[in-house]
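Asks: Quick one, run16.pdb (PDB, C-alpha atoms):
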```
ATOM      1  CA  ASN W   1     202.622 183.332 181.783  1.00  0.00           C
ATOM      2  CA  GLU W   2     200.462 185.562 179.596  1.00  0.00           C
ATOM      3  CA  THR W   3     196.977 186.769 180.400  1.00  0.00           C
ATOM      4  CA  VAL W   4     193.944 185.565 178.468  1.00  0.00           C
ATOM      5  CA  ASP W   5     193.726 188.939 176.718  1.00  0.00           C
ATOM      6  CA  GLU W   6     197.393 188.727 175.697  1.00  0.00           C
ATOM      7  CA  PHE W   7     196.863 185.169 174.441  1.00  0.00           C
ATOM      8  CA  LEU W   8     193.811 186.182 172.401  1.00  0.00           C
ATOM      9  CA  LYS W   9     195.602 189.193 170.969  1.00  0.00           C
ATOM     10  CA  ARG W  10     198.586 187.036 169.970  1.00  0.00           C
ATOM     11  CA  LEU W  11     196.534 184.228 168.397  1.00  0.00           C
ATOM     12  CA  PRO W  12     193.149 185.479 167.140  1.00  0.00           C
ATOM     13  CA  PRO W  13     191.660 182.455 165.333  1.00  0.00           C
ATOM     14  CA  ARG W  14     190.083 184.469 162.542  1.00  0.00           C
ATOM     15  CA  THR W  15     193.456 185.637 161.206  1.00  0.00           C
ATOM     16  CA  THR W  16     196.028 183.254 162.712  1.00  0.00           C
ATOM     17  CA  ILE W  17     197.425 180.901 160.065  1.00  0.00           C
ATOM     18  CA  THR W  18     199.032 177.776 161.492  1.00  0.00           C
ATOM     19  CA  SER W  19     198.966 174.050 160.854  1.00  0.00           C
ATOM     20  CA  ASN W  20     198.077 173.403 164.496  1.00  0.00           C
ATOM     21  CA  TRP W  21     194.966 173.896 166.569  1.00  0.00           C
ATOM     22  CA  ILE W  22     194.959 176.796 169.017  1.00  0.00           C
ATOM     23  CA  TRP W  23     194.616 175.360 172.532  1.00  0.00           C
ATOM     24  CA  VAL W  24     193.687 176.781 175.915  1.00  0.00           C
ATOM     25  CA  THR W  25     193.816 174.879 179.210  1.00  0.00           C
ATOM     26  CA  CYS W  26     192.769 175.592 182.767  1.00  0.00           C
ATOM     27  CA  PRO W  27     195.954 176.248 184.788  1.00  0.00           C
ATOM     28  CA  ILE W  28     194.512 174.308 187.728  1.00  0.00           C
ATOM     29  CA  LEU W  29     193.258 171.249 185.807  1.00  0.00           C
ATOM     30  CA  LYS W  30     195.731 171.519 182.953  1.00  0.00           C
ATOM     31  CA  GLY W  31     195.389 168.933 180.225  1.00  0.00           C
ATOM     32  CA  LYS W  32     193.093 166.372 181.884  1.00  0.00           C
ATOM     33  CA  GLY W  33     190.591 166.659 179.060  1.00  0.00           C
ATOM     34  CA  LYS W  34     192.984 167.433 176.225  1.00  0.00           C
ATOM     35  CA  ALA W  35     192.849 165.181 173.194  1.00  0.00           C
ATOM     36  CA  ALA W  36     196.529 164.378 173.169  1.00  0.00           C
ATOM     37  CA  GLU W  37     198.134 161.094 172.173  1.00  0.00           C
ATOM     38  CA  PRO W  38     196.811 158.811 174.938  1.00  0.00           C
ATOM     39  CA  ILE W  39     199.291 156.694 176.891  1.00  0.00           C
ATOM     40  CA  HIS W  40     198.539 153.277 178.325  1.00  0.00           C
ATOM     41  CA  ALA W  41     198.086 153.822 182.046  1.00  0.00           C
ATOM     42  CA  PRO W  42     198.446 150.993 184.589  1.00  0.00           C
ATOM     43  CA  GLY W  43     195.156 149.269 185.381  1.00  0.00           C
ATOM     44  CA  LEU W  44     193.606 149.767 181.962  1.00  0.00           C
ATOM     45  CA  GLU W  45     192.498 146.678 180.083  1.00  0.00           C
ATOM     46  CA  GLU W  46     194.390 147.543 176.900  1.00  0.00           C
ATOM     47  CA  SER W  47     196.318 150.367 175.293  1.00  0.00           C
ATOM     48  CA  PRO W  48     194.646 152.986 173.072  1.00  0.00           C
ATOM     49  CA  GLU W  49     196.525 151.578 170.092  1.00  0.00           C
ATOM     50  CA  GLU W  50     195.144 148.091 170.802  1.00  0.00           C
ATOM     51  CA  MET W  51     191.688 149.594 171.283  1.00  0.00           C
ATOM     52  CA  MET W  52     191.780 151.325 167.912  1.00  0.00           C
ATOM     53  CA  GLY W  53     193.017 148.162 166.222  1.00  0.00           C
ATOM     54  CA  ARG W  54     190.162 146.140 167.722  1.00  0.00           C
ATOM     55  CA  ALA W  55     187.652 148.884 166.941  1.00  0.00           C
ATOM     56  CA  ARG W  56     188.734 148.953 163.298  1.00  0.00           C
ATOM     57  CA  ALA W  57     188.298 145.180 163.220  1.00  0.00           C
ATOM     58  CA  LEU W  58     184.748 145.652 164.534  1.00  0.00           C
ATOM     59  CA  LEU W  59     184.068 148.200 161.801  1.00  0.00           C
ATOM     60  CA  SER W  60     185.356 145.787 159.159  1.00  0.00           C
ATOM     61  CA  GLN W  61     183.243 142.984 160.604  1.00  0.00           C
ATOM     62  CA  PHE W  62     180.140 145.191 160.510  1.00  0.00           C
ATOM     63  CA  ALA W  63     180.854 146.166 156.898  1.00  0.00           C
ATOM     64  CA  ALA W  64     181.077 142.477 155.950  1.00  0.00           C
ATOM     65  CA  GLU W  65     177.858 141.639 157.819  1.00  0.00           C
ATOM     66  CA  LYS W  66     176.119 144.584 156.173  1.00  0.00           C
ATOM     67  CA  GLU W  67     177.203 143.422 152.729  1.00  0.00           C
ATOM     68  CA  LYS W  68     175.894 139.915 153.430  1.00  0.00           C
ATOM     69  CA  LEU W  69     172.604 141.224 154.752  1.00  0.00           C
ATOM     70  CA  VAL W  70     172.085 143.577 151.801  1.00  0.00           C
ATOM     71  CA  SER W  71     172.761 140.676 149.437  1.00  0.00           C
ATOM     72  CA  ALA W  72     170.387 138.359 151.302  1.00  0.00           C
ATOM     73  CA  TYR W  73     167.592 140.936 151.220  1.00  0.00           C
ATOM     74  CA  ALA W  74     168.281 142.239 147.720  1.00  0.00           C
ATOM     75  CA  ASN W  75     164.615 141.957 146.789  1.00  0.00           C
ATOM     76  CA  SER W  76     163.378 143.650 149.964  1.00  0.00           C
ATOM     77  CA  THR W  77     162.637 147.306 150.581  1.00  0.00           C
ATOM     78  CA  GLN W  78     165.285 149.654 151.946  1.00  0.00           C
ATOM     79  CA  SER W  79     163.271 150.042 155.143  1.00  0.00           C
ATOM     80  CA  THR W  80     163.504 146.281 155.728  1.00  0.00           C
ATOM     81  CA  ILE W  81     167.283 146.341 155.299  1.00  0.00           C
ATOM     82  CA  THR W  82     167.559 149.371 157.575  1.00  0.00           C
ATOM     83  CA  ARG W  83     165.502 147.601 160.247  1.00  0.00           C
ATOM     84  CA  LYS W  84     167.670 144.483 160.027  1.00  0.00           C
ATOM     85  CA  LEU W  85     170.846 146.549 160.315  1.00  0.00           C
ATOM     86  CA  GLY W  86     169.600 148.438 163.382  1.00  0.00           C
ATOM     87  CA  PRO W  87     170.586 145.895 166.071  1.00  0.00           C
ATOM     88  CA  LEU W  88     173.968 145.242 164.401  1.00  0.00           C
ATOM     89  CA  ARG W  89     174.711 148.960 164.291  1.00  0.00           C
ATOM     90  CA  GLU W  90     173.684 149.476 167.922  1.00  0.00           C
ATOM     91  CA  ARG W  91     175.909 146.573 168.997  1.00  0.00           C
ATOM     92  CA  LEU W  92     178.799 148.079 167.010  1.00  0.00           C
ATOM     93  CA  LYS W  93     178.364 151.417 168.779  1.00  0.00           C
ATOM     94  CA  GLU W  94     178.238 149.846 172.243  1.00  0.00           C
ATOM     95  CA  ASP W  95     181.259 147.630 171.546  1.00  0.00           C
ATOM     96  CA  ILE W  96     183.339 150.620 170.395  1.00  0.00           C
ATOM     97  CA  LEU W  97     182.373 152.659 173.457  1.00  0.00           C
ATOM     98  CA  ASP W  98     183.177 149.717 175.756  1.00  0.00           C
ATOM     99  CA  LEU W  99     186.598 149.404 174.122  1.00  0.00           C
ATOM    100  CA  ALA W 100     187.158 153.146 174.563  1.00  0.00           C
ATOM    101  CA  VAL W 101     186.376 153.000 178.283  1.00  0.00           C
ATOM    102  CA  GLY W 102     188.568 149.925 178.729  1.00  0.00           C
ATOM    103  CA  SER W 103     191.567 151.689 177.185  1.00  0.00           C
ATOM    104  CA  GLY W 104     191.009 155.118 178.761  1.00  0.00           C
ATOM    105  CA  VAL W 105     190.098 156.869 175.507  1.00  0.00           C
ATOM    106  CA  THR W 106     187.190 158.630 177.206  1.00  0.00           C
ATOM    107  CA  ASN W 107     187.699 162.257 176.185  1.00  0.00           C
ATOM    108  CA  GLY W 108     184.931 163.949 174.258  1.00  0.00           C
ATOM    109  CA  LYS W 109     183.922 167.435 173.231  1.00  0.00           C
ATOM    110  CA  TRP W 110     181.002 169.748 172.655  1.00  0.00           C
ATOM    111  CA  MET W 111     181.409 171.289 169.212  1.00  0.00           C
ATOM    112  CA  LEU W 112     180.680 174.881 168.211  1.00  0.00           C
ATOM    113  CA  PHE W 113     180.835 176.227 164.657  1.00  0.00           C
ATOM    114  CA  PRO W 114     180.996 180.042 164.745  1.00  0.00           C
ATOM    115  CA  LYS W 115     181.300 181.928 161.477  1.00  0.00           C
ATOM    116  CA  PRO W 116     184.628 183.690 160.785  1.00  0.00           C
ATOM    117  CA  GLU W 117     183.221 187.107 161.657  1.00  0.00           C
ATOM    118  CA  ASP W 118     182.140 185.797 165.082  1.00  0.00           C
ATOM    119  CA  VAL W 119     184.880 183.307 165.948  1.00  0.00           C
ATOM    120  CA  ASN W 120     187.091 185.730 167.895  1.00  0.00           C
ATOM    121  CA  ARG W 121     184.182 186.733 170.150  1.00  0.00           C
ATOM    122  CA  VAL W 122     183.072 183.142 170.762  1.00  0.00           C
ATOM    123  CA  TRP W 123     186.626 181.914 171.348  1.00  0.00           C
ATOM    124  CA  LYS W 124     187.207 184.733 173.867  1.00  0.00           C
ATOM    125  CA  LEU W 125     184.190 183.613 175.903  1.00  0.00           C
ATOM    126  CA  VAL W 126     185.298 179.972 175.757  1.00  0.00           C
ATOM    127  CA  ALA W 127     188.935 180.732 176.623  1.00  0.00           C
ATOM    128  CA  GLU W 128     188.017 182.915 179.598  1.00  0.00           C
ATOM    129  CA  ALA W 129     185.610 180.289 180.944  1.00  0.00           C
ATOM    130  CA  VAL W 130     188.182 177.489 180.567  1.00  0.00           C
ATOM    131  CA  VAL W 131     190.903 179.469 182.347  1.00  0.00           C
ATOM    132  CA  ASP W 132     188.434 180.325 185.124  1.00  0.00           C
ATOM    133  CA  GLY W 133     187.585 176.627 185.555  1.00  0.00           C
ATOM    134  CA  ARG W 134     183.957 177.066 184.471  1.00  0.00           C
ATOM    135  CA  LEU W 135     184.131 175.061 181.228  1.00  0.00           C
ATOM    136  CA  GLY W 136     185.999 171.863 181.749  1.00  0.00           C
ATOM    137  CA  ASP W 137     189.759 172.099 181.507  1.00  0.00           C
ATOM    138  CA  THR W 138     190.614 172.266 177.808  1.00  0.00           C
ATOM    139  CA  ALA W 139     189.337 173.738 174.550  1.00  0.00           C
ATOM    140  CA  LYS W 140     190.696 174.276 171.063  1.00  0.00           C
ATOM    141  CA  VAL W 141     189.783 176.285 167.976  1.00  0.00           C
ATOM    142  CA  ALA W 142     190.604 175.800 164.308  1.00  0.00           C
ATOM    143  CA  PRO W 143     192.811 178.606 162.935  1.00  0.00           C
ATOM    144  CA  ALA W 144     192.381 180.433 159.648  1.00  0.00           C
ATOM    145  CA  ASP W 145     193.093 178.633 156.394  1.00  0.00           C
ATOM    146  CA  PRO W 146     196.318 179.546 154.558  1.00  0.00           C
ATOM    147  CA  PRO W 147     195.896 181.625 151.402  1.00  0.00           C
ATOM    148  CA  ASP W 148     195.562 179.858 148.054  1.00  0.00           C
ATOM    149  CA  LEU W 149     198.614 181.067 146.150  1.00  0.00           C
ATOM    150  CA  PHE W 150     197.142 179.894 142.849  1.00  0.00           C
ATOM    151  CA  SER W 151     193.822 181.708 143.117  1.00  0.00           C
ATOM    152  CA  ALA W 152     193.076 185.398 142.667  1.00  0.00           C
ATOM    153  CA  VAL W 153     189.913 185.015 144.763  1.00  0.00           C
ATOM    154  CA  GLN W 154     190.519 183.850 148.309  1.00  0.00           C
ATOM    155  CA  LYS W 155     187.821 181.678 149.861  1.00  0.00           C
ATOM    156  CA  GLN W 156     187.029 182.139 153.521  1.00  0.00           C
ATOM    157  CA  LYS W 157     186.154 179.055 155.542  1.00  0.00           C
ATOM    158  CA  ALA W 158     182.455 178.771 156.345  1.00  0.00           C
ATOM    159  CA  SER W 159     183.052 178.257 160.064  1.00  0.00           C
ATOM    160  CA  HIS W 160     185.736 177.583 162.670  1.00  0.00           C
ATOM    161  CA  LEU W 161     185.339 174.444 164.767  1.00  0.00           C
ATOM    162  CA  ILE W 162     185.674 175.012 168.518  1.00  0.00           C
ATOM    163  CA  CYS W 163     185.903 171.913 170.736  1.00  0.00           C
ATOM    164  CA  VAL W 164     185.132 172.196 174.450  1.00  0.00           C
ATOM    165  CA  TYR W 165     186.397 169.043 176.159  1.00  0.00           C
ATOM    166  CA  THR W 166     185.308 166.809 178.989  1.00  0.00           C
ATOM    167  CA  SER W 167     187.483 163.966 180.229  1.00  0.00           C
ATOM    168  CA  ASP W 168     184.850 161.195 180.273  1.00  0.00           C
ATOM    169  CA  PHE W 169     181.951 160.867 177.838  1.00  0.00           C
ATOM    170  CA  SER W 170     180.200 158.466 180.235  1.00  0.00           C
ATOM    171  CA  ASP W 171     180.150 161.075 183.038  1.00  0.00           C
ATOM    172  CA  LEU W 172     176.819 162.630 182.101  1.00  0.00           C
ATOM    173  CA  GLU W 173     176.872 165.006 185.057  1.00  0.00           C
ATOM    174  CA  ASP W 174     180.110 166.560 183.809  1.00  0.00           C
ATOM    175  CA  VAL W 175     178.958 166.538 180.175  1.00  0.00           C
ATOM    176  CA  ARG W 176     175.734 168.275 181.235  1.00  0.00           C
ATOM    177  CA  GLY W 177     177.585 170.780 183.425  1.00  0.00           C
ATOM    178  CA  VAL W 178     179.752 171.960 180.534  1.00  0.00           C
ATOM    179  CA  LEU W 179     176.687 172.235 178.297  1.00  0.00           C
ATOM    180  CA  GLU W 180     174.831 174.287 180.911  1.00  0.00           C
ATOM    181  CA  GLU W 181     177.769 176.691 181.123  1.00  0.00           C
ATOM    182  CA  LEU W 182     177.810 177.022 177.324  1.00  0.00           C
ATOM    183  CA  ILE W 183     174.112 177.880 177.445  1.00  0.00           C
ATOM    184  CA  GLU W 184     174.774 180.392 180.232  1.00  0.00           C
ATOM    185  CA  LEU W 185     177.426 182.016 178.044  1.00  0.00           C
ATOM    186  CA  GLY W 186     174.958 182.219 175.168  1.00  0.00           C
ATOM    187  CA  LEU W 187     177.022 179.801 173.062  1.00  0.00           C
ATOM    188  CA  ALA W 188     174.582 176.895 172.960  1.00  0.00           C
ATOM    189  CA  PRO W 189     170.859 176.943 172.237  1.00  0.00           C
ATOM    190  CA  CYS W 190     168.212 175.802 174.661  1.00  0.00           C
ATOM    191  CA  ALA W 191     166.438 172.624 173.613  1.00  0.00           C
ATOM    192  CA  ALA W 192     163.633 174.449 171.827  1.00  0.00           C
ATOM    193  CA  ASP W 193     166.007 176.571 169.745  1.00  0.00           C
ATOM    194  CA  GLY W 194     168.206 173.985 168.050  1.00  0.00           C
ATOM    195  CA  ALA W 195     171.101 171.828 169.178  1.00  0.00           C
ATOM    196  CA  ILE W 196     174.848 171.436 169.451  1.00  0.00           C
ATOM    197  CA  TYR W 197     176.570 168.062 169.448  1.00  0.00           C
ATOM    198  CA  TYR W 198     179.054 166.087 171.534  1.00  0.00           C
ATOM    199  CA  LYS W 199     181.524 163.694 169.916  1.00  0.00           C
ATOM    200  CA  THR W 200     183.887 161.175 171.495  1.00  0.00           C
ATOM    201  CA  ASP W 201     187.586 161.231 170.688  1.00  0.00           C
ATOM    202  CA  ALA W 202     187.318 157.497 169.972  1.00  0.00           C
ATOM    203  CA  TYR W 203     185.097 158.309 166.993  1.00  0.00           C
ATOM    204  CA  THR W 204     187.483 161.052 165.904  1.00  0.00           C
ATOM    205  CA  TYR W 205     190.465 158.679 165.979  1.00  0.00           C
ATOM    206  CA  LEU W 206     188.455 156.159 163.931  1.00  0.00           C
ATOM    207  CA  ASP W 207     187.476 158.806 161.342  1.00  0.00           C
ATOM    208  CA  ILE W 208     183.776 158.310 162.044  1.00  0.00           C
ATOM    209  CA  ASP W 209     182.199 161.451 160.620  1.00  0.00           C
ATOM    210  CA  SER W 210     178.692 162.365 159.496  1.00  0.00           C
ATOM    211  CA  SER W 211     179.165 160.583 156.161  1.00  0.00           C
ATOM    212  CA  ASN W 212     180.591 157.309 157.534  1.00  0.00           C
ATOM    213  CA  SER W 213     179.617 154.171 155.642  1.00  0.00           C
ATOM    214  CA  TYR W 214     178.557 152.326 158.815  1.00  0.00           C
ATOM    215  CA  GLY W 215     175.529 154.520 159.429  1.00  0.00           C
ATOM    216  CA  LEU W 216     176.753 155.438 162.919  1.00  0.00           C
ATOM    217  CA  LYS W 217     175.760 158.824 164.280  1.00  0.00           C
ATOM    218  CA  ALA W 218     178.981 160.839 164.365  1.00  0.00           C
ATOM    219  CA  SER W 219     177.953 162.494 167.622  1.00  0.00           C
ATOM    220  CA  LEU W 220     177.275 160.658 170.860  1.00  0.00           C
ATOM    221  CA  TYR W 221     174.921 163.263 172.329  1.00  0.00           C
ATOM    222  CA  SER W 222     172.810 166.173 171.195  1.00  0.00           C
ATOM    223  CA  SER W 223     172.207 169.034 173.602  1.00  0.00           C
ATOM    224  CA  LYS W 224     168.518 168.136 173.255  1.00  0.00           C
ATOM    225  CA  ASP W 225     169.338 164.716 174.756  1.00  0.00           C
ATOM    226  CA  ILE W 226     171.028 166.234 177.787  1.00  0.00           C
ATOM    227  CA  ILE W 227     168.960 169.273 178.779  1.00  0.00           C
TER     228      ILE W 227
END
```
So that I can check it, write out the structure of this file as structure tokens.

Replies:
Amino acid sequence: NETVDEFLKRLPPRTTITSNWIWVTCPILKGKGKAAEPIHAPGLEESPEEMMGRARALLSQFAAEKEKLVSAYANSTQSTITRKLGPLRERLKEDILDLAVGSGVTNGKWMLFPKPEDVNRVWKLVAEAVVDGRLGDTAKVAPADPPDLFSAVQKQKASHLICVYTSDFSDLEDVRGVLEELIELGLAPCAADGAIYYKTDAYTYLDIDSSNSYGLKASLYSSKDII
């Protein structure tokens, strides 16, 4: 029952130390896009747990196929191996996304990385827009890191991750609408000025990051792809 200003004053991300994310939801659409533990809803092909089990099996299968291919083309150039892996990697991506849709794990998020000195300002704009129903229904921000009790010099994190959620990564109209609002707020660059990225929760649950060994792009969309 607190106002946005009261909420921001109570939990400023730059100085709030907690083990949890700081969340904000739209009171009208509360939680539809939140990355909570998904529950198997009637009518879905399989549960999220089953989906993640099958997706991990797909990742293991790809790793085995990659190892075989690299061995078979040991005397070839890296570009040849990369070209051969391309169709396998694309099939892996599509299969994972199909599994995600079939189990209802369709949440995704635009990601912002403001520096500590700017995170309170950026989070205020995001929180106000979410509560007003202009930015999807849910967002979260990473809090401050706890102090290092064994170091005389405290390191400040380079940036705070802010996730602005949509409920369905395949709904490009909704994904684009949230991006356009971020641009309107001055929080996302236009196509000519750089990019921000959108990642599916399915990839997050599977620990697919920018350094993953499968060569998958960690993000599903770039703002340059959408605008």

Asks: Assuming the chain letters and numbering stay as they are in my file, what does the PyMOL selection byres ((chain W and resi 9-16) around 10) actually select? List them as a PyMOL selection string.

Replies: chain W and resi 2-8+17-19+21-23+115-121+123-124+141-146+156-157+159-160

Asks: Provide the atom CA of W:Ala55 to atom CA of W:Leu88 distance in Å, to one decimal place.

Replies: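 These atoms are spaced 14.4 Å apart.
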
Asks: So which one's closest to W:Leu59, W:Lys217, W:Arg134, W:Arg89, W:Lys224? Using all atoms listed in the file, please.

Replies: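 Answer, going by the shortest atom-to-atom distance: W:Arg89.
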
Asks: Counting only C-alpha atoms, what are the residues of stretch 166-218 of chain W within 10 Å of stretch 92-114 of chain W, and for each of them which pair of atoms is the nearest and at what distance in Å, to one decimal? Sort the table by chain and rising number, as JSON lines.

Replies:
```
{"residue": "W:Thr166", "atom": "CA", "partner": "W:Gly108", "partner_atom": "CA", "distance": 5.5}
{"residue": "W:Ser167", "atom": "CA", "partner": "W:Asn107", "partner_atom": "CA", "distance": 4.4}
{"residue": "W:Asp168", "atom": "CA", "partner": "W:Thr106", "partner_atom": "CA", "distance": 4.6}
{"residue": "W:Phe169", "atom": "CA", "partner": "W:Gly108", "partner_atom": "CA", "distance": 5.6}
{"residue": "W:Ser170", "atom": "CA", "partner": "W:Thr106", "partner_atom": "CA", "distance": 7.6}
{"residue": "W:Asp171", "atom": "CA", "partner": "W:Thr106", "partner_atom": "CA", "distance": 9.5}
{"residue": "W:Val175", "atom": "CA", "partner": "W:Trp110", "partner_atom": "CA", "distance": 8.4}
{"residue": "W:Val178", "atom": "CA", "partner": "W:Trp110", "partner_atom": "CA", "distance": 8.3}
{"residue": "W:Leu179", "atom": "CA", "partner": "W:Trp110", "partner_atom": "CA", "distance": 7.5}
{"residue": "W:Leu182", "atom": "CA", "partner": "W:Trp110", "partner_atom": "CA", "distance": 9.2}
{"residue": "W:Leu187", "atom": "CA", "partner": "W:Leu112", "partner_atom": "CA", "distance": 7.8}
{"residue": "W:Ala188", "atom": "CA", "partner": "W:Leu112", "partner_atom": "CA", "distance": 8.0}
{"residue": "W:Ile196", "atom": "CA", "partner": "W:Met111", "partner_atom": "CA", "distance": 6.6}
{"residue": "W:Tyr197", "atom": "CA", "partner": "W:Trp110", "partner_atom": "CA", "distance": 5.7}
{"residue": "W:Tyr198", "atom": "CA", "partner": "W:Trp110", "partner_atom": "CA", "distance": 4.3}
{"residue": "W:Lys199", "atom": "CA", "partner": "W:Gly108", "partner_atom": "CA", "distance": 5.5}
{"residue": "W:Thr200", "atom": "CA", "partner": "W:Gly108", "partner_atom": "CA", "distance": 4.1}
{"residue": "W:Asp201", "atom": "CA", "partner": "W:Gly108", "partner_atom": "CA", "distance": 5.2}
{"residue": "W:Ala202", "atom": "CA", "partner": "W:Val105", "partner_atom": "CA", "distance": 6.2}
{"residue": "W:Tyr203", "atom": "CA", "partner": "W:Ile96", "partner_atom": "CA", "distance": 8.6}
{"residue": "W:Thr204", "atom": "CA", "partner": "W:Gly108", "partner_atom": "CA", "distance": 9.2}
{"residue": "W:Tyr205", "atom": "CA", "partner": "W:Val105", "partner_atom": "CA", "distance": 9.7}
{"residue": "W:Leu206", "atom": "CA", "partner": "W:Ile96", "partner_atom": "CA", "distance": 9.9}
{"residue": "W:Tyr214", "atom": "CA", "partner": "W:Leu92", "partner_atom": "CA", "distance": 9.2}
{"residue": "W:Leu216", "atom": "CA", "partner": "W:Lys93", "partner_atom": "CA", "distance": 7.3}
{"residue": "W:Lys217", "atom": "CA", "partner": "W:Lys93", "partner_atom": "CA", "distance": 9.0}
```

Asks: Rank nothing, just name the residue among W:Glu50, W:Gln61, W:Ser210, W:Gly133 nearest to W:Arg91, using all atoms listed in the file.

Replies: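 Among the listed residues, W:Gln61 lies closest to W:Arg91.
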
Asks: To one decimal place in Å, what is the distance between atom CA of W:Asp174 and atom CA of W:Cys190?

Replies: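 Interatomic distance here is 17.6 Å.
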
Asks: Find the distance between atom CA of W:Glu65 and atom CA of W:Thr80 and write it in Å to one decimal.

Replies: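 Computing it gives 15.2 Å between the two atoms.
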
Asks: Compare W:Val122, W:Ala218, W:Ile208, W:Ile227 by their minimum atom-to-atom distance to W:Leu172, counting only C-alpha atoms, and give me the closest one.

Replies: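 For W:Leu172, the nearest of the given residues is W:Ile227.
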
Asks: Which is closest to W:Tyr165 among W:Ile81, W:Ile226, W:Ile28, W:Ala139, if we use all atoms listed in the file?

Replies: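 Under the stated criterion, the closest residue is W:Ala139.
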
Asks: In terms of the shortest atom-to-atom distance over all atoms listed in the file, which of W:Ala57, W:Val131, W:Cys163, W:Leu85 is closest to W:Val70?

Replies: W:Leu85
